[in-house]
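Next up, entry-v9.cif (mmCIF, C-alpha atoms):
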```
data_input
#
loop_
_atom_site.label_atom_id
_atom_site.label_comp_id
_atom_site.auth_asym_id
_atom_site.auth_seq_id
_atom_site.Cartn_x
_atom_site.Cartn_y
_atom_site.Cartn_z
CA MET G 1 -22.73 -1.12 2.23
CA ILE G 2 -19.08 -0.84 1.30
CA ARG G 3 -17.10 -4.02 0.82
CA TYR G 4 -13.32 -4.31 0.54
CA ILE G 5 -12.45 -7.47 -1.39
CA TYR G 6 -9.20 -8.76 -2.85
CA ALA G 7 -9.61 -10.36 -6.27
CA ASP G 8 -8.89 -13.84 -4.94
CA ASP G 9 -11.91 -13.52 -2.63
CA LEU G 10 -14.33 -12.26 -5.30
CA SER G 11 -15.61 -15.80 -5.86
CA LEU G 12 -17.22 -15.57 -2.41
CA TYR G 13 -19.45 -12.82 -3.82
CA PRO G 14 -20.46 -14.11 -7.28
CA LYS G 15 -23.42 -11.78 -7.84
CA LEU G 16 -21.52 -8.71 -6.66
CA ALA G 17 -18.46 -9.60 -8.75
CA SER G 18 -20.23 -10.38 -12.01
CA SER G 19 -22.42 -7.28 -11.77
CA MET G 20 -19.29 -5.19 -11.13
CA PHE G 21 -17.53 -6.49 -14.23
CA ARG G 22 -20.71 -6.05 -16.29
CA ASP G 23 -21.19 -2.49 -15.03
CA ARG G 24 -17.58 -1.81 -15.95
CA ALA G 25 -18.28 -3.04 -19.48
CA ASP G 26 -21.34 -0.79 -19.57
CA GLN G 27 -19.38 2.27 -18.42
CA PHE G 28 -16.07 1.88 -20.22
CA HIS G 29 -17.15 0.05 -23.40
CA THR G 30 -20.78 0.98 -24.05
CA ARG G 31 -20.93 4.51 -22.66
CA LEU G 32 -17.36 5.78 -23.04
CA GLY G 33 -16.31 3.73 -26.06
CA TRP G 34 -12.89 2.94 -24.63
CA PRO G 35 -10.96 0.09 -26.29
CA VAL G 36 -11.44 -2.36 -23.40
CA ASP G 37 -11.94 -6.13 -23.58
CA VAL G 38 -15.44 -7.46 -22.91
CA ASP G 39 -15.88 -11.24 -22.68
CA ASP G 40 -18.79 -13.49 -23.73
CA LEU G 41 -20.51 -12.90 -20.39
CA GLY G 42 -20.43 -9.16 -21.03
CA GLU G 43 -17.79 -8.58 -18.36
CA GLU G 44 -14.88 -6.16 -18.70
CA ARG G 45 -11.48 -7.14 -17.32
CA ASP G 46 -7.93 -6.05 -18.03
CA GLN G 47 -4.45 -7.34 -17.20
CA TYR G 48 -4.43 -5.52 -13.83
CA ASP G 49 -7.42 -7.49 -12.58
CA ALA G 50 -5.12 -10.53 -12.75
CA LEU G 51 -2.68 -8.99 -10.23
CA ASN G 52 -4.95 -9.62 -7.23
CA PRO G 53 -5.93 -6.00 -6.70
CA LEU G 54 -8.09 -4.76 -3.84
CA TYR G 55 -11.59 -3.74 -4.93
CA VAL G 56 -13.72 -1.33 -2.98
CA ILE G 57 -17.32 -2.01 -3.91
CA TRP G 58 -20.61 -0.37 -3.02
CA GLU G 59 -23.07 -3.23 -2.59
CA GLN G 60 -26.73 -2.42 -3.15
CA PRO G 61 -29.42 -3.88 -0.90
CA ASP G 62 -30.17 -6.57 -3.52
CA GLY G 63 -26.53 -7.72 -3.51
CA ARG G 64 -25.64 -6.09 -6.80
CA HIS G 65 -22.82 -3.73 -7.61
CA GLY G 66 -23.57 -0.02 -7.26
CA GLY G 67 -20.09 1.38 -7.79
CA SER G 68 -16.49 0.39 -7.34
CA MET G 69 -12.82 1.17 -7.70
CA ARG G 70 -9.64 -0.88 -7.85
CA PHE G 71 -6.41 -0.42 -5.90
CA LEU G 72 -2.86 -1.60 -6.49
CA PRO G 73 0.34 -0.39 -4.80
CA THR G 74 2.65 1.63 -7.06
CA THR G 75 5.57 -0.56 -5.97
CA GLY G 76 4.26 -3.17 -8.40
CA ARG G 77 2.80 -3.06 -11.90
CA VAL G 78 0.31 -0.22 -12.30
CA MET G 79 -1.43 1.55 -15.18
CA VAL G 80 -0.06 5.03 -14.48
CA ASN G 81 3.50 3.78 -14.84
CA GLU G 82 3.01 1.27 -17.65
CA ILE G 83 0.44 3.01 -19.82
CA PHE G 84 0.18 6.67 -18.80
CA GLY G 85 3.81 7.53 -18.05
CA HIS G 86 3.66 10.32 -20.64
CA LEU G 87 0.90 12.02 -18.61
CA ILE G 88 3.02 12.20 -15.46
CA GLY G 89 6.11 13.75 -17.05
CA ASP G 90 7.81 10.67 -18.48
CA GLY G 91 8.68 8.70 -15.43
CA THR G 92 7.19 6.52 -12.78
CA ILE G 93 5.53 7.18 -9.45
CA THR G 94 6.67 4.49 -7.04
CA SER G 95 6.13 4.28 -3.30
CA PRO G 96 4.44 1.94 -0.84
CA HIS G 97 2.74 5.09 0.50
CA ILE G 98 1.10 5.79 -2.87
CA TRP G 99 -1.54 3.43 -4.23
CA GLU G 100 -3.09 3.54 -7.66
CA CYS G 101 -6.86 3.83 -7.97
CA THR G 102 -8.35 2.84 -11.34
CA ARG G 103 -11.59 1.63 -12.97
CA PHE G 104 -13.71 3.96 -10.87
CA CYS G 105 -17.14 2.88 -12.02
CA LEU G 106 -20.74 3.64 -11.16
CA ALA G 107 -23.67 1.43 -12.08
CA ARG G 108 -26.28 3.03 -14.31
CA GLY G 109 -28.58 5.06 -12.11
CA ALA G 110 -26.17 5.18 -9.18
CA ASP G 111 -26.16 8.61 -7.61
CA ALA G 112 -23.49 10.95 -6.29
CA LYS G 113 -24.07 9.43 -2.85
CA THR G 114 -22.57 6.17 -4.08
CA ALA G 115 -19.51 7.98 -5.41
CA ALA G 116 -19.16 9.83 -2.10
CA GLY G 117 -19.42 6.54 -0.22
CA LEU G 118 -16.55 5.14 -2.28
CA MET G 119 -14.44 8.23 -1.64
CA LEU G 120 -15.10 7.84 2.05
CA ALA G 121 -13.84 4.26 1.79
CA GLY G 122 -10.73 5.62 0.10
CA GLY G 123 -10.21 7.74 3.19
CA GLU G 124 -10.46 4.66 5.40
CA ILE G 125 -7.73 3.00 3.34
CA MET G 126 -5.49 6.03 3.68
CA SER G 127 -5.82 6.28 7.44
CA GLY G 128 -5.93 2.52 8.03
CA PHE G 129 -2.89 1.60 5.95
CA GLY G 130 -0.69 4.68 6.21
CA ILE G 131 -1.29 5.66 2.59
CA ARG G 132 -0.50 9.29 1.82
CA HIS G 133 -1.79 9.65 -1.73
CA PHE G 134 -3.78 7.93 -4.43
CA VAL G 135 -2.80 8.37 -8.02
CA GLY G 136 -5.73 7.61 -10.26
CA VAL G 137 -6.86 7.20 -13.84
CA PHE G 138 -10.35 8.51 -14.59
CA ASP G 139 -12.64 9.82 -17.29
CA ALA G 140 -14.13 13.29 -17.73
CA ARG G 141 -17.52 12.36 -16.30
CA MET G 142 -15.95 10.98 -13.14
CA GLN G 143 -14.04 14.21 -12.79
CA ARG G 144 -17.35 16.11 -12.72
CA ILE G 145 -18.73 13.68 -10.16
CA TYR G 146 -15.65 14.03 -7.96
CA ARG G 147 -16.07 17.79 -8.07
CA ALA G 148 -19.73 17.49 -7.16
CA ILE G 149 -18.94 15.46 -4.06
CA GLY G 150 -16.17 17.81 -2.99
CA SER G 151 -13.27 15.46 -3.54
CA SER G 152 -11.57 16.62 -6.70
CA PRO G 153 -8.29 15.04 -7.72
CA GLU G 154 -5.44 17.24 -8.78
CA VAL G 155 -4.99 16.52 -12.47
CA LEU G 156 -1.41 15.82 -13.55
CA GLY G 157 -2.16 15.27 -17.19
CA SER G 158 -4.90 14.35 -19.69
CA GLN G 159 -5.19 12.88 -23.14
CA GLY G 160 -8.05 12.77 -25.65
CA GLN G 161 -11.14 14.91 -26.04
CA GLY G 162 -14.74 14.75 -24.90
CA ARG G 163 -15.89 11.39 -23.65
CA GLU G 164 -12.60 9.81 -24.67
CA MET G 165 -10.63 12.08 -22.38
CA ILE G 166 -8.55 10.19 -19.82
CA SER G 167 -6.80 11.93 -16.95
CA VAL G 168 -4.24 11.01 -14.35
CA GLY G 169 -4.60 12.76 -11.02
CA LEU G 170 -3.76 12.73 -7.34
CA TRP G 171 -5.88 12.56 -4.22
CA GLU G 172 -5.08 13.44 -0.68
CA PHE G 173 -7.60 13.14 2.08
CA THR G 174 -7.72 15.63 4.89
CA GLU G 175 -9.92 15.32 7.94
CA ALA G 176 -12.01 18.24 6.68
CA ALA G 177 -12.51 16.58 3.30
CA ARG G 178 -13.47 13.38 5.07
CA ARG G 179 -16.25 15.06 7.02
CA LYS G 180 -17.56 16.75 3.90
CA VAL G 181 -17.55 13.54 1.87
CA ALA G 182 -19.22 11.63 4.73
CA GLN G 183 -21.98 14.22 4.73
CA ARG G 184 -22.45 13.93 0.96
CA ALA G 185 -22.56 10.16 1.22
CA GLY G 186 -25.09 10.26 4.03
CA ILE G 187 -22.90 7.78 5.91
CA SER G 188 -21.66 8.42 9.40
CA PRO G 189 -17.88 8.11 9.87
CA THR G 190 -18.60 5.49 12.53
CA LEU G 191 -20.46 3.28 10.06
CA SER G 192 -17.75 3.75 7.47
CA GLN G 193 -15.14 2.68 10.01
CA LEU G 194 -17.27 -0.33 10.91
CA TRP G 195 -17.36 -1.52 7.29
CA PHE G 196 -13.60 -1.16 7.09
CA ASP G 197 -13.13 -3.09 10.32
CA ARG G 198 -15.42 -5.85 9.13
CA ALA G 199 -13.19 -6.35 6.10
CA PHE G 200 -9.80 -6.01 7.76
CA GLY G 201 -10.47 -6.89 11.38
CA SER G 202 -11.04 -4.60 14.29
CA GLU G 203 -8.28 -3.32 16.54
CA ARG G 204 -10.49 -4.36 19.42
CA MET G 205 -10.34 -7.99 18.38
CA GLY G 206 -6.85 -8.64 19.67
CA PRO G 207 -6.51 -11.48 22.14
CA MET G 208 -3.21 -10.24 23.46
CA ALA G 209 -3.99 -7.50 25.92
CA MET G 210 -1.24 -7.26 28.52
CA SER G 211 -3.75 -6.66 31.25
CA ALA G 212 -5.51 -9.94 30.54
CA MET Y 1 11.35 1.30 23.13
CA GLN Y 2 12.64 3.88 20.68
CA ALA Y 3 15.43 4.85 19.88
CA ASN Y 4 18.35 6.80 18.87
CA VAL Y 5 17.78 5.58 15.42
CA ASN Y 6 20.63 6.21 13.07
CA LEU Y 7 18.74 4.88 10.12
CA ASP Y 8 20.97 6.58 7.54
CA GLN Y 9 23.86 4.43 8.68
CA ILE Y 10 21.85 1.21 8.91
CA LEU Y 11 20.34 1.66 5.46
CA GLU Y 12 23.79 2.34 4.00
CA GLU Y 13 24.90 -0.99 5.46
CA LEU Y 14 21.86 -2.73 4.01
CA ASP Y 15 22.67 -1.27 0.62
CA ALA Y 16 26.28 -2.37 0.79
CA THR Y 17 25.74 -5.97 1.85
CA GLY Y 18 25.62 -8.82 -0.63
CA THR Y 19 25.09 -11.80 1.64
CA LEU Y 20 22.38 -13.32 3.82
CA GLU Y 21 24.69 -12.96 6.84
CA GLY Y 22 24.97 -9.28 5.99
CA ILE Y 23 21.19 -8.87 6.01
CA GLN Y 24 21.03 -10.70 9.32
CA GLY Y 25 23.57 -8.28 10.80
CA VAL Y 26 21.56 -5.30 9.56
CA ILE Y 27 18.29 -6.61 10.96
CA VAL Y 28 19.83 -7.01 14.44
CA LYS Y 29 21.05 -3.40 14.32
CA LEU Y 30 17.66 -2.27 13.17
CA ARG Y 31 15.95 -4.11 16.03
CA ASN Y 32 18.32 -2.48 18.51
CA ALA Y 33 17.83 0.93 16.95
CA PHE Y 34 14.05 0.74 17.22
CA GLY Y 35 14.31 -0.78 20.68
CA VAL Y 36 11.79 -3.55 20.01
CA ASP Y 37 11.89 -7.24 20.90
CA HIS Y 38 12.10 -8.58 17.36
CA ILE Y 39 12.28 -7.78 13.69
CA ILE Y 40 11.87 -10.60 11.20
CA TYR Y 41 12.09 -10.63 7.44
CA HIS Y 42 10.98 -13.74 5.60
CA TRP Y 43 10.66 -14.24 1.88
CA VAL Y 44 9.79 -16.78 -0.79
CA ASP Y 45 11.59 -16.24 -4.09
CA SER Y 46 10.10 -16.70 -7.55
CA ALA Y 47 11.28 -20.32 -7.61
CA GLY Y 48 9.47 -21.05 -4.32
CA GLU Y 49 12.61 -21.18 -2.16
CA GLN Y 50 12.15 -19.80 1.37
CA TYR Y 51 14.61 -17.61 3.24
CA GLY Y 52 14.46 -15.82 6.52
CA CYS Y 53 16.43 -13.65 8.83
CA GLY Y 54 15.62 -11.91 12.05
CA THR Y 55 15.87 -11.99 15.78
CA TYR Y 56 13.52 -14.79 16.83
CA SER Y 57 15.44 -17.54 18.65
CA ASP Y 58 16.71 -20.51 16.67
CA GLU Y 59 14.61 -22.75 18.94
CA TRP Y 60 11.42 -20.95 17.98
CA ARG Y 61 12.30 -20.99 14.29
CA ASP Y 62 13.02 -24.75 14.33
CA HIS Y 63 9.95 -25.45 16.44
CA TYR Y 64 7.80 -23.35 14.07
CA ILE Y 65 9.01 -25.37 11.09
CA ALA Y 66 8.69 -28.71 12.88
CA GLN Y 67 5.10 -27.93 13.94
CA SER Y 68 4.17 -26.66 10.43
CA TYR Y 69 2.89 -23.51 12.13
CA ILE Y 70 2.89 -21.75 8.79
CA ARG Y 71 -0.52 -23.40 8.26
CA VAL Y 72 -2.11 -21.92 11.38
CA ASP Y 73 -0.12 -18.70 11.85
CA PRO Y 74 -2.75 -15.92 11.50
CA VAL Y 75 -0.02 -13.51 10.38
CA VAL Y 76 0.89 -15.64 7.38
CA ILE Y 77 -2.74 -16.47 6.60
CA GLY Y 78 -3.76 -12.82 6.92
CA CYS Y 79 -0.92 -11.45 4.80
CA PHE Y 80 -0.44 -13.96 2.00
CA GLN Y 81 -1.34 -12.48 -1.40
CA ARG Y 82 -2.19 -9.17 0.28
CA PHE Y 83 -0.46 -5.81 0.17
CA HIS Y 84 -1.87 -3.87 3.09
CA PRO Y 85 0.11 -3.69 6.35
CA VAL Y 86 -1.49 -5.38 9.34
CA ASP Y 87 -1.49 -4.80 13.06
CA TRP Y 88 -1.69 -8.22 14.68
CA LYS Y 89 -4.73 -7.05 16.64
CA ARG Y 90 -6.72 -7.00 13.43
CA LEU Y 91 -6.00 -10.64 12.65
CA ASP Y 92 -8.28 -13.50 13.55
CA TRP Y 93 -6.84 -15.24 16.63
CA SER Y 94 -10.18 -16.66 17.68
CA GLY Y 95 -9.69 -20.27 16.56
CA LYS Y 96 -8.34 -22.87 18.92
CA PRO Y 97 -5.22 -23.69 16.81
CA ALA Y 98 -4.41 -20.00 16.48
CA ARG Y 99 -4.70 -19.44 20.22
CA ALA Y 100 -2.53 -22.46 20.97
CA PHE Y 101 0.01 -21.21 18.44
CA LEU Y 102 0.07 -17.78 20.07
CA ALA Y 103 0.57 -19.21 23.54
CA ASP Y 104 3.43 -21.33 22.25
CA ALA Y 105 4.97 -18.34 20.45
CA MET Y 106 4.86 -16.17 23.57
CA LYS Y 107 6.45 -18.98 25.56
CA HIS Y 108 9.31 -18.78 23.05
CA GLY Y 109 9.83 -15.06 23.52
CA VAL Y 110 7.54 -13.67 20.84
CA GLY Y 111 5.93 -10.44 22.05
CA ASN Y 112 2.21 -9.76 22.26
CA GLN Y 113 2.23 -6.87 19.78
CA GLY Y 114 3.05 -7.07 16.11
CA PHE Y 115 2.97 -5.13 12.90
CA SER Y 116 3.48 -7.07 9.66
CA ILE Y 117 4.05 -5.72 6.18
CA PRO Y 118 3.39 -8.03 3.23
CA ILE Y 119 5.31 -7.33 0.04
CA ARG Y 120 4.60 -8.70 -3.40
CA GLY Y 121 7.63 -8.72 -5.65
CA PRO Y 122 7.81 -9.63 -9.33
CA ASN Y 123 7.07 -13.17 -10.62
CA GLY Y 124 5.38 -14.44 -7.48
CA GLN Y 125 8.10 -13.35 -5.08
CA PHE Y 126 6.52 -12.69 -1.69
CA ALA Y 127 7.86 -11.38 1.60
CA LEU Y 128 6.75 -10.54 5.10
CA PHE Y 129 8.48 -8.01 7.33
CA THR Y 130 7.40 -8.05 10.96
CA VAL Y 131 8.12 -5.88 13.98
CA ASN Y 132 7.25 -7.53 17.29
CA HIS Y 133 7.27 -6.24 20.82
CA THR Y 134 5.98 -6.77 24.35
CA CYS Y 135 4.02 -3.83 25.71
CA ASP Y 136 0.52 -2.61 26.41
CA ASP Y 137 -1.86 -1.36 23.74
CA ALA Y 138 -1.35 2.34 24.45
CA GLU Y 139 2.42 2.13 24.15
CA TRP Y 140 2.13 0.07 20.97
CA ALA Y 141 -0.30 2.55 19.45
CA ARG Y 142 2.20 5.35 20.11
CA PHE Y 143 5.02 3.33 18.58
CA SER Y 144 2.96 2.48 15.49
CA GLU Y 145 1.77 6.02 15.00
CA LEU Y 146 5.36 7.24 15.13
CA ASN Y 147 7.11 4.51 13.13
CA SER Y 148 4.78 2.50 10.90
CA ARG Y 149 5.27 4.55 7.75
CA GLU Y 150 9.04 4.44 8.07
CA LEU Y 151 8.92 0.69 8.79
CA ILE Y 152 6.91 0.15 5.62
CA LEU Y 153 9.68 1.82 3.63
CA ILE Y 154 12.38 -0.20 5.38
CA ALA Y 155 10.44 -3.42 4.72
CA HIS Y 156 10.52 -2.67 1.03
CA TYR Y 157 14.24 -1.86 1.14
CA PHE Y 158 14.86 -5.29 2.64
CA ASN Y 159 12.84 -6.81 -0.16
CA ARG Y 160 14.75 -4.85 -2.76
CA LYS Y 161 17.92 -6.35 -1.33
CA ALA Y 162 16.41 -9.85 -1.36
CA LEU Y 163 15.50 -9.44 -5.03
CA GLU Y 164 19.19 -8.93 -5.78
CA PHE Y 165 19.61 -12.60 -4.89
CA GLU Y 166 17.11 -13.68 -7.57
CA PRO Y 167 18.95 -15.78 -10.15
CA GLU Y 168 17.63 -14.12 -13.29
CA ARG Y 169 17.23 -10.63 -12.00
CA LYS Y 170 16.36 -7.93 -14.46
CA GLY Y 171 17.42 -4.32 -14.17
CA GLU Y 172 15.13 -2.18 -12.09
CA GLN Y 173 13.90 0.41 -14.52
CA SER Y 174 11.35 1.66 -12.05
CA ARG Y 175 14.02 3.04 -9.73
CA ALA Y 176 15.23 5.71 -12.15
CA LEU Y 177 14.27 9.18 -10.98
CA SER Y 178 11.82 10.91 -13.31
CA PRO Y 179 12.72 14.33 -14.76
CA ARG Y 180 10.29 16.01 -12.33
CA GLU Y 181 11.70 14.13 -9.37
CA ILE Y 182 15.21 15.22 -10.34
CA ASP Y 183 14.03 18.84 -10.53
CA ALA Y 184 12.37 18.61 -7.12
CA MET Y 185 15.38 16.98 -5.45
CA THR Y 186 17.77 19.47 -7.03
CA LEU Y 187 15.86 22.47 -5.72
CA LEU Y 188 15.53 20.91 -2.26
CA ALA Y 189 19.30 20.30 -2.28
CA MET Y 190 19.78 23.98 -3.05
CA GLY Y 191 17.96 24.79 0.16
CA TYR Y 192 14.62 25.84 -1.28
CA SER Y 193 11.59 25.37 0.95
CA ARG Y 194 8.81 23.13 -0.32
CA ALA Y 195 6.67 26.13 -1.10
CA GLN Y 196 9.51 27.66 -3.13
CA VAL Y 197 10.15 24.40 -4.98
CA ALA Y 198 6.46 24.04 -5.85
CA ASP Y 199 6.35 27.65 -6.98
CA THR Y 200 9.49 27.31 -9.10
CA LEU Y 201 8.25 24.13 -10.79
CA ALA Y 202 4.74 25.59 -11.20
CA ILE Y 203 3.16 22.62 -9.44
CA SER Y 204 1.09 22.42 -6.28
CA GLU Y 205 2.64 21.41 -2.98
CA HIS Y 206 0.43 18.34 -3.10
CA THR Y 207 1.97 17.22 -6.40
CA LEU Y 208 5.41 18.05 -5.05
CA ARG Y 209 4.80 15.80 -2.04
CA VAL Y 210 4.08 12.91 -4.42
CA TYR Y 211 7.31 13.49 -6.34
CA ILE Y 212 9.32 13.68 -3.12
CA GLU Y 213 7.64 10.57 -1.76
CA SER Y 214 8.38 8.66 -4.94
CA ALA Y 215 12.00 9.92 -5.19
CA ARG Y 216 12.61 9.01 -1.56
CA PHE Y 217 11.48 5.46 -2.16
CA LYS Y 218 13.49 5.02 -5.34
CA LEU Y 219 16.58 6.30 -3.52
CA GLY Y 220 16.09 3.88 -0.64
CA ALA Y 221 15.92 6.74 1.84
CA HIS Y 222 13.85 6.99 5.00
CA ASN Y 223 13.21 10.72 4.92
CA THR Y 224 13.61 13.69 2.61
CA THR Y 225 16.97 14.86 3.99
CA HIS Y 226 18.36 11.38 3.54
CA ALA Y 227 16.96 11.24 0.01
CA VAL Y 228 18.62 14.51 -0.95
CA ALA Y 229 21.93 13.33 0.51
CA ARG Y 230 21.73 10.09 -1.45
CA ALA Y 231 20.81 11.80 -4.70
CA LEU Y 232 23.82 14.10 -4.25
CA SER Y 233 26.29 11.39 -3.29
CA ARG Y 234 25.24 9.25 -6.26
CA GLY Y 235 25.62 12.15 -8.64
CA LEU Y 236 21.96 11.96 -9.66
CA ILE Y 237 21.51 15.67 -9.05
CA ILE Y 238 23.97 18.52 -9.44
CA VAL Y 239 23.73 21.74 -7.49
#
```

Structure re-expressed in structure tokens:
Amino acid sequence: MIRYIYADDLSLYPKLASSMFRDRADQFHTRLGWPVDVDDLGEERDQYDALNPLYVIWEQPDGRHGGSMRFLPTTGRVMVNEIFGHLIGDGTITSPHIWECTRFCLARGADAKTAAGLMLAGGEIMSGFGIRHFVGVFDARMQRIYRAIGSSPEVLGSQGQGREMISVGLWEFTEAARRKVAQRAGISPTLSQLWFDRAFGSERMGPMAMSA
Amino acid sequence: MQANVNLDQILEELDATGTLEGIQGVIVKLRNAFGVDHIIYHWVDSAGEQYGCGTYSDEWRDHYIAQSYIRVDPVVIGCFQRFHPVDWKRLDWSGKPARAFLADAMKHGVGNQGFSIPIRGPNGQFALFTVNHTCDDAEWARFSELNSRELILIAHYFNRKALEFEPERKGEQSRALSPREIDAMTLLAMGYSRAQVADTLAISEHTLRVYIESARFKLGAHNTTHAVARALSRGLIIV
């Protein structure tokens, strides 16, 4: 299932959280060789994890992390503006309608279905919160996976070669793309909506109906 | 509800004001323009000081403080440390204290529908911008669909103004237009269509939309026409 969890609530899901940070270490440090910080517990965190971001996490049946991504609004501190400004034409992208998506990570052995499930969750965020675009930072392998699930970002700029290549790109999410991604994920749009509602409350919950 | 909204004018006034009374005046005009019951903007600065302005009655404000409702208010609980906008329907009103609070609020003229936008500023600054109204769900859904994105922008413009009151305010580097945003705004000001602008800059229309979106926000504008007008009047672009 997909969970939407702000950093300050991660402690409610200790197994999910620690396996996410360990899988991030495995992907970004061990497999990609990026210069990221890994602590004594084998968990990877950076300065943006301290800004209470929103994580979207695929939880496996055993409660462990299967894949995840991290969101922050571009009105605050974000990687694309602080670290990758040179890849977006020397400037900043700033709008409450544009969120940054970073640290897209898949656990070892996770399949394209997991990635598609996460993209579907991204679509829920866009329609639920009035977000128009995501600007993201991702590696070359993720780019191939995005293409495979039919949700390719538009690349604004890249640096590095081979496995060290890092790109900044943009996502939009049309209704057609949403249906396609839902199909790839093997998740019905209804179920996806249900997971979103469970995290953020359902519009049917309101106690304030005028007719009551 | 809704609205001969002359937002250009109201946002100019917001920009020009330098006092809390000024912000209060602007919020009343904004409420009238949108034709809703209430708009409230409440913020906590980086030193922990609280400020508020808006159209709730003084009685309700004083009562709210006296009752320490901040501890049971589902809007505050649901928005604190968050950054996603919230329709009040999605909040948890199921507890007894929350239900009693709601009944009391409605008795004091608070409407049954609400849309709240949390904003996280630098150094722990936090704000909440709320639009409140009395109507049925269908009417509220239409209003939200039509106005929520614009209200999110306006909420942030109020917060930008509030940050001007911060004692040790630093310059806002992030509001400078990027070279690509300047190019995009310049071509739009020259009357190019979006397709022509994208073509001229050799970027996709998708990328162009991001640059316009970002430029609009930096300029404190509520739509693209307004953004172009502001960029021109401030001499940021030359055509």

(message) Starting from the PyMOL selection byres ((chain G) within 10 of (chain Y)), expand the selection into actual residues of this file and give them as a ChimeraX atom specification.
(response) /G:6-8,51-54,72-77,81,85,88-98,125,128-135,154-156,169-172,197-211

(request) Rank Y:Leu232, Y:Ile237, Y:Ser68, Y:His133 by their smallest atom-to-atom distance to Asp183 of chain Y, using all atoms listed in the file, and report the top residue only. (result)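 Of Y:Leu232, Y:Ile237, Y:Ser68, Y:His133, the one nearest Asp183 of chain Y, counting all atoms listed in the file, is Y:Ile237.
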
(request) Run the PyMOL selection byres ((chain G and resi 24) around 9) on the file and write out the hits as a PyMOL selection string. (result) chain G and resi 19-23+25-29+43-45+68+103-107

Write a file of the just-selected residues containing C-alpha atoms, as a compact mmCIF listing (two decimals), in the coordinates of the input.
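Everything below was put into selection.txt:
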```txt
# COMPACT_ATOMS: atom_id res chain seq x y z
CA SER G 19 -22.42 -7.28 -11.77
CA MET G 20 -19.29 -5.19 -11.13
CA PHE G 21 -17.53 -6.49 -14.23
CA ARG G 22 -20.71 -6.05 -16.29
CA ASP G 23 -21.19 -2.49 -15.03
CA ALA G 25 -18.28 -3.04 -19.48
CA ASP G 26 -21.34 -0.79 -19.57
CA GLN G 27 -19.38 2.27 -18.42
CA PHE G 28 -16.07 1.88 -20.22
CA HIS G 29 -17.15 0.05 -23.40
CA GLU G 43 -17.79 -8.58 -18.36
CA GLU G 44 -14.88 -6.16 -18.70
CA ARG G 45 -11.48 -7.14 -17.32
CA SER G 68 -16.49 0.39 -7.34
CA ARG G 103 -11.59 1.63 -12.97
CA PHE G 104 -13.71 3.96 -10.87
CA CYS G 105 -17.14 2.88 -12.02
CA LEU G 106 -20.74 3.64 -11.16
CA ALA G 107 -23.67 1.43 -12.08
```

(message) Just want the 12 Å neighbourhood of Glu164 of chain G, counted on only C-alpha atoms, with same-chain residues fewer than 5 positions away dropped. Output as number ranges by chain.
(response) G: 27-29, 31-35, 138-141, 158-159

Go ahead and dump the residues you just picked, C-alpha atoms, as a PDB file, in the frame of the given file.
```pdb
ATOM      1  CA  GLN G  27     -19.380   2.270 -18.420  1.00  0.00           C
ATOM      2  CA  PHE G  28     -16.070   1.880 -20.220  1.00  0.00           C
ATOM      3  CA  HIS G  29     -17.150   0.050 -23.400  1.00  0.00           C
ATOM      4  CA  ARG G  31     -20.930   4.510 -22.660  1.00  0.00           C
ATOM      5  CA  LEU G  32     -17.360   5.780 -23.040  1.00  0.00           C
ATOM      6  CA  GLY G  33     -16.310   3.730 -26.060  1.00  0.00           C
ATOM      7  CA  TRP G  34     -12.890   2.940 -24.630  1.00  0.00           C
ATOM      8  CA  PRO G  35     -10.960   0.090 -26.290  1.00  0.00           C
ATOM      9  CA  PHE G 138     -10.350   8.510 -14.590  1.00  0.00           C
ATOM     10  CA  ASP G 139     -12.640   9.820 -17.290  1.00  0.00           C
ATOM     11  CA  ALA G 140     -14.130  13.290 -17.730  1.00  0.00           C
ATOM     12  CA  ARG G 141     -17.520  12.360 -16.300  1.00  0.00           C
ATOM     13  CA  SER G 158      -4.900  14.350 -19.690  1.00  0.00           C
ATOM     14  CA  GLN G 159      -5.190  12.880 -23.140  1.00  0.00           C
TER      15      GLN G 159
END
```

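For the file shown, the residue list from the PyMOL selection byres ((chain Y and resi 54) around 6) reads Ile39, Ile40, Tyr41, Cys53, Thr55 and Tyr56 of chain Y.
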
(request) Rank nothing, just name the residue among G:Ile187, G:Val181, G:Ala176, G:Ala115 nearest to Met142 of chain G, using only C-alpha atoms. (result)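 Of the candidates, the smallest distance to Met142 of chain G is held by G:Ala115.
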
Give me, as a PDB file with C-alpha atoms, in the coordinates of the input, all polymer residues having an atom no more than 7 Å from Tyr55 of chain G, counting only C-alpha atoms and skipping those fewer than 3 positions away in the same chain.
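Now in around13.pdb:
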```pdb
ATOM      1  CA  TYR G   4     -13.320  -4.310   0.540  1.00  0.00           C
ATOM      2  CA  ILE G   5     -12.450  -7.470  -1.390  1.00  0.00           C
ATOM      3  CA  TYR G   6      -9.200  -8.760  -2.850  1.00  0.00           C
ATOM      4  CA  SER G  68     -16.490   0.390  -7.340  1.00  0.00           C
ATOM      5  CA  MET G  69     -12.820   1.170  -7.700  1.00  0.00           C
ATOM      6  CA  ARG G  70      -9.640  -0.880  -7.850  1.00  0.00           C
ATOM      7  CA  PHE G  71      -6.410  -0.420  -5.900  1.00  0.00           C
TER       8      PHE G  71
END
```

(request) Please provide the set of residues having any atom within 8 Å of Val137 of chain G, restricted to only C-alpha atoms, with same-chain residues fewer than 6 positions apart removed, written as an NGL selection string. (result) :G and (79-80 or 101-103 or 166-169)

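Atom CA of Ser151 of chain G to atom CA of Ala177 of chain G spans 7.0 Å [interatomic distance, one decimal].
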